[in-house]
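Down below is the structure, laid out as structure tokens.
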Amino acid sequence: MPEKLKFAVLGCGFWSHFQIPAWQELEGVELVAVYNRTRKKAEEVAAKFGVPQVYSTAEELLATEKLDFVDIITDVDTHETFVKLAAQYRIPVICQKPMAPNLETARSMVEACQKAGVPYFIHENFRWQAPIRKYKEVLESGVIGTPFKARISFCSSFPVFKNQPFLADLEEFILTDVGSHILDVSRFLFGEATSLYCKTHSIDKGIKGEDVANVLMEMDSGVHCYAEMSYASILEQERFPQTFVLTEGSDGSVYLGPDFEIRITTRKGTEVVYGEPKLYSWADPNYDVVHASIVACNRNILQALQQKGTAETTGEDNFKTAELVFASYDSARTGKAIAFTSIP
Ligand code: 89Y
């Protein structure tokens, strides 16, 4: 194993300005090349972060550079092409969430990497947020007994389309963009879903996709988990991009609310703990809890690449999250609940 793993980044848009400095927080990796279709953007990113090589075709980059892995941060529609290209070059690959625009494509990406014997990971970072990790610790401590119901909320009216204009053009928006995170957090906290039912709304007529989704799941742990997400919610507590979680159990409840406060209530009273994220100088203050989680997610995947540990968000694991996303669309379209026979 070389001292430092050499890697390349494909895609120099909005997210690369945080994904790259998050990598630079970690020992044992070296970013040797960046690709972007518009070369100027790649040159700007390379200059900002001290990256030696710049390419405007991904194939040329993969054919030329000696890489230990590649990190794909392009828009969802290009993920399949780039993941399969990396598999063809036998280069371990990390792909940004959401994995793919539909389930069949996601399946074919997982299979292509399996067939090529190439390690495949999804950069799914919400489960790596400090407040979510702390919340899981509280649940696992047993203090609230056996959970039976939960509500996971990601609702705001934050103008996401200003920073990420391509989101306004997605025919399927909030379930793919945010549902990928929130349904993954549901799995992380409560296990696999055995069934789900979903309703959606399109409130903002200026965007193509749905901007509200409400998903009710029964989990194999027995928890009834309600995952709600919205960009049309004008609320007193506007806290984008924080996720709030309320879980009720046989001996109490635990609420992750605004500003990372976790309130644990039992018959004895309420105790408060905090799950504050680390603040990085390169993070956008509007996204700090999310940007901090990029470091933790990268660290977990890096350990797997260095064969020092296992990654949580492998392609195979994240496929189960993708199943929930697309089953939610099926449910919303048909008005029917969907039962899963293949999960877990
Ligand atoms: O793209 C999304 C994500 O991953 O977290 C929030 C976001 O930036 C906008 O919905």
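Starting from 1 in every chain, residues are counted up; chains themselves are A, B, ... following the order of the structure tokens, and ligands are numbered from 1 as listed.
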
_All residues 9 Å or closer to Lys149 of chain A, only C-alpha atoms, same chain fewer than 6 positions away omitted, as number ranges by chain_ = A: 222-226, 246-249

Mind running chain A against ligand 1 at 6 Å and telling me each contacting residue's nearest atom pair with the distance in Å (one decimal), counting only C-alpha atoms and all ligand atoms, chain and number ascending, as a tab-separated table?
residue	atom	partner	partner_atom_place_in_ligand_line	distance
A:Val160	CA	ligand 1	9 (C)	5.4
A:Asp177	CA	ligand 1	1 (O)	5.4
A:Val178	CA	ligand 1	10 (O)	5.5

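Every protein or nucleic acid residue with an atom no more than 12 Å from Thr64 of chain A, counting only C-alpha atoms and leaving out same-chain residues fewer than 6 positions away, appears here: A:Ala8, A:Val32, A:Ala33, A:Gln53, A:Val54, A:Tyr55, A:Thr57, A:Ala58, A:Tyr89.
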
*Name all residues at most 12 Å from Gly145 of chain A (count only C-alpha atoms; drop same-chain ones fewer than 3 positions away) and give them as a ChimeraX atom specification.*
/A:138-142,148-149,247-254,264-267

Output the selection as a compact mmCIF listing (two decimals), in the first residue's frame - all heavy atoms for each residue.
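selection.txt, written as the output of this step:
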# COMPACT_ATOMS: atom_id res chain seq x y z
N VAL A 138 -27.46 7.90 21.67
CA VAL A 138 -28.50 8.00 22.70
C VAL A 138 -29.50 6.85 22.54
O VAL A 138 -29.86 6.17 23.51
CB VAL A 138 -29.22 9.37 22.65
CG1 VAL A 138 -30.41 9.39 23.61
CG2 VAL A 138 -28.26 10.51 22.95
N LEU A 139 -29.93 6.60 21.29
CA LEU A 139 -30.88 5.51 21.05
C LEU A 139 -30.28 4.18 21.52
O LEU A 139 -30.95 3.37 22.17
CB LEU A 139 -31.22 5.39 19.56
CG LEU A 139 -32.13 6.45 18.95
CD1 LEU A 139 -32.33 6.17 17.46
CD2 LEU A 139 -33.48 6.51 19.65
N GLU A 140 -29.00 3.97 21.18
CA GLU A 140 -28.36 2.69 21.50
C GLU A 140 -28.06 2.54 22.99
O GLU A 140 -27.86 1.43 23.47
CB GLU A 140 -27.09 2.52 20.66
CG GLU A 140 -27.45 2.21 19.22
CD GLU A 140 -26.27 1.96 18.31
OE1 GLU A 140 -25.14 2.33 18.68
OE2 GLU A 140 -26.49 1.39 17.24
N SER A 141 -28.06 3.67 23.73
CA SER A 141 -27.82 3.57 25.18
C SER A 141 -29.01 2.89 25.86
O SER A 141 -28.91 2.46 27.00
CB SER A 141 -27.63 4.97 25.77
OG SER A 141 -28.90 5.63 25.84
N GLY A 142 -30.15 2.85 25.18
CA GLY A 142 -31.32 2.18 25.75
C GLY A 142 -32.14 3.08 26.67
O GLY A 142 -33.14 2.65 27.23
N PHE A 148 -40.75 2.86 19.23
CA PHE A 148 -41.89 2.33 18.46
C PHE A 148 -42.34 3.31 17.36
O PHE A 148 -43.03 2.93 16.45
CB PHE A 148 -43.08 1.95 19.37
CG PHE A 148 -43.59 3.06 20.25
CD1 PHE A 148 -44.54 3.96 19.79
CD2 PHE A 148 -43.12 3.18 21.56
CE1 PHE A 148 -45.01 4.98 20.61
CE2 PHE A 148 -43.58 4.21 22.39
CZ PHE A 148 -44.53 5.11 21.91
N LYS A 149 -41.93 4.58 17.48
CA LYS A 149 -42.34 5.52 16.43
C LYS A 149 -41.34 6.67 16.32
O LYS A 149 -40.71 7.04 17.33
CB LYS A 149 -43.78 5.95 16.70
CG LYS A 149 -44.14 7.34 16.94
CD LYS A 149 -45.54 7.35 17.57
CE LYS A 149 -46.44 8.46 17.07
NZ LYS A 149 -45.97 9.79 17.24
N THR A 247 -37.99 10.55 18.40
CA THR A 247 -38.27 9.11 18.54
C THR A 247 -38.97 8.87 19.87
O THR A 247 -38.55 9.42 20.90
CB THR A 247 -36.96 8.28 18.51
OG1 THR A 247 -36.23 8.61 17.35
CG2 THR A 247 -37.27 6.79 18.51
N GLU A 248 -40.01 8.07 19.82
CA GLU A 248 -40.70 7.69 21.06
C GLU A 248 -40.45 6.21 21.34
O GLU A 248 -40.53 5.39 20.42
CB GLU A 248 -42.19 7.96 20.92
CG GLU A 248 -42.48 9.44 20.76
CD GLU A 248 -43.95 9.72 20.48
OE1 GLU A 248 -44.81 9.11 21.14
OE2 GLU A 248 -44.21 10.53 19.58
N GLY A 249 -40.13 5.91 22.58
CA GLY A 249 -39.86 4.52 22.96
C GLY A 249 -40.64 4.13 24.20
O GLY A 249 -41.35 4.96 24.79
N SER A 250 -40.48 2.86 24.64
CA SER A 250 -41.26 2.35 25.77
C SER A 250 -40.95 3.10 27.06
O SER A 250 -41.80 3.17 27.95
CB SER A 250 -40.98 0.86 25.94
OG SER A 250 -39.57 0.64 25.93
N ASP A 251 -39.74 3.69 27.18
CA ASP A 251 -39.38 4.36 28.44
C ASP A 251 -39.17 5.87 28.30
O ASP A 251 -38.73 6.52 29.25
CB ASP A 251 -38.08 3.75 29.00
CG ASP A 251 -38.25 2.29 29.34
OD1 ASP A 251 -39.38 1.89 29.70
OD2 ASP A 251 -37.28 1.53 29.22
N GLY A 252 -39.40 6.42 27.11
CA GLY A 252 -39.19 7.86 26.97
C GLY A 252 -39.13 8.28 25.52
O GLY A 252 -39.49 7.52 24.62
N SER A 253 -38.64 9.51 25.32
CA SER A 253 -38.54 10.02 23.95
C SER A 253 -37.24 10.82 23.83
O SER A 253 -36.68 11.27 24.84
CB SER A 253 -39.74 10.90 23.61
OG SER A 253 -39.73 12.05 24.44
N VAL A 254 -36.78 10.97 22.59
CA VAL A 254 -35.58 11.78 22.38
C VAL A 254 -35.79 12.63 21.14
O VAL A 254 -36.21 12.14 20.10
CB VAL A 254 -34.30 10.90 22.32
CG1 VAL A 254 -34.40 9.76 21.34
CG2 VAL A 254 -33.07 11.75 21.98
N ILE A 264 -33.63 14.47 25.95
CA ILE A 264 -33.99 13.10 26.29
C ILE A 264 -34.98 13.15 27.45
O ILE A 264 -34.65 13.65 28.54
CB ILE A 264 -32.73 12.32 26.73
CG1 ILE A 264 -31.63 12.44 25.67
CG2 ILE A 264 -33.06 10.85 27.00
CD1 ILE A 264 -30.23 12.13 26.19
N THR A 265 -36.17 12.65 27.20
CA THR A 265 -37.21 12.74 28.23
C THR A 265 -37.62 11.34 28.69
O THR A 265 -37.96 10.48 27.87
CB THR A 265 -38.44 13.50 27.69
OG1 THR A 265 -38.01 14.81 27.30
CG2 THR A 265 -39.54 13.61 28.75
N THR A 266 -37.55 11.11 30.00
CA THR A 266 -38.06 9.87 30.59
C THR A 266 -39.02 10.28 31.71
O THR A 266 -39.25 11.47 31.95
CB THR A 266 -36.92 9.03 31.19
OG1 THR A 266 -36.33 9.78 32.26
CG2 THR A 266 -35.86 8.68 30.15
N ARG A 267 -39.53 9.30 32.44
CA ARG A 267 -40.45 9.64 33.54
C ARG A 267 -39.74 10.44 34.63
O ARG A 267 -40.37 11.09 35.46
CB ARG A 267 -41.07 8.37 34.11
CG ARG A 267 -42.05 7.73 33.13
CD ARG A 267 -42.89 6.63 33.77
NE ARG A 267 -43.47 5.75 32.76
CZ ARG A 267 -44.53 6.04 32.03
NH1 ARG A 267 -45.15 7.19 32.21
NH2 ARG A 267 -44.98 5.19 31.13

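Of the listed residues (A:Glu43, A:Asp211, A:Glu323, A:Asp220), A:Asp211 comes nearest to Phe154 of chain A; the distances count only C-alpha atoms.
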
_Tyr231 of chain A surroundings by only C-alpha atoms, 10 Å radius, close-in-sequence under 5 positions cut, as a ChimeraX atom specification_ = /A:154-160,174,178,202-204,210-213,240

_Would you pick out the contacts of segment 117-132 of chain A at 7 Å or less, using only C-alpha atoms, so that residues sharing its chain but fewer than 2 positions from it are not included, and give the list as JSON, numbers by chain?_
{"A": [87, 90, 91, 92, 93, 94, 95, 96, 97, 99, 113, 114, 115, 134, 135, 136, 181, 185, 188, 260, 275, 276, 277, 289, 290, 293, 294, 296, 297, 313, 314, 315, 318]}

*Within 9 Å of Ala22 of chain A, counting only C-alpha atoms, which residues show up once you throw out same-chain ones fewer than 5 positions away? Write them as number ranges by chain, please.*
A: 17, 280, 282-283, 291-296, 298

*Per-residue DSSP, segment 11-260 of chain A, filtered to alpha helix (DSSP H), as a VMD selection string*: chain A and resid 16 to 24 39 to 49 58 to 64 79 to 88 103 to 116 130 to 141 160 to 163 174 180 to 190

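If you measure from each of A:Pro165, A:Gly179, A:Pro285, A:Gly209 to Glu228 of chain A using only C-alpha atoms, the closest one turns out to be A:Gly179.
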
*Straight-line distance linking atom CA of Phe319 of chain A with atom CA of Arg107 of chain A, stated in Å to one decimal*: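 Computing it gives 7.2 Å between the two atoms.
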
*From a DSSP pass on the backbone, collect the residues of segment 77-120 of chain A flagged as strand (DSSP E) and hand them back as a ChimeraX atom specification.*
/A:93-96,120
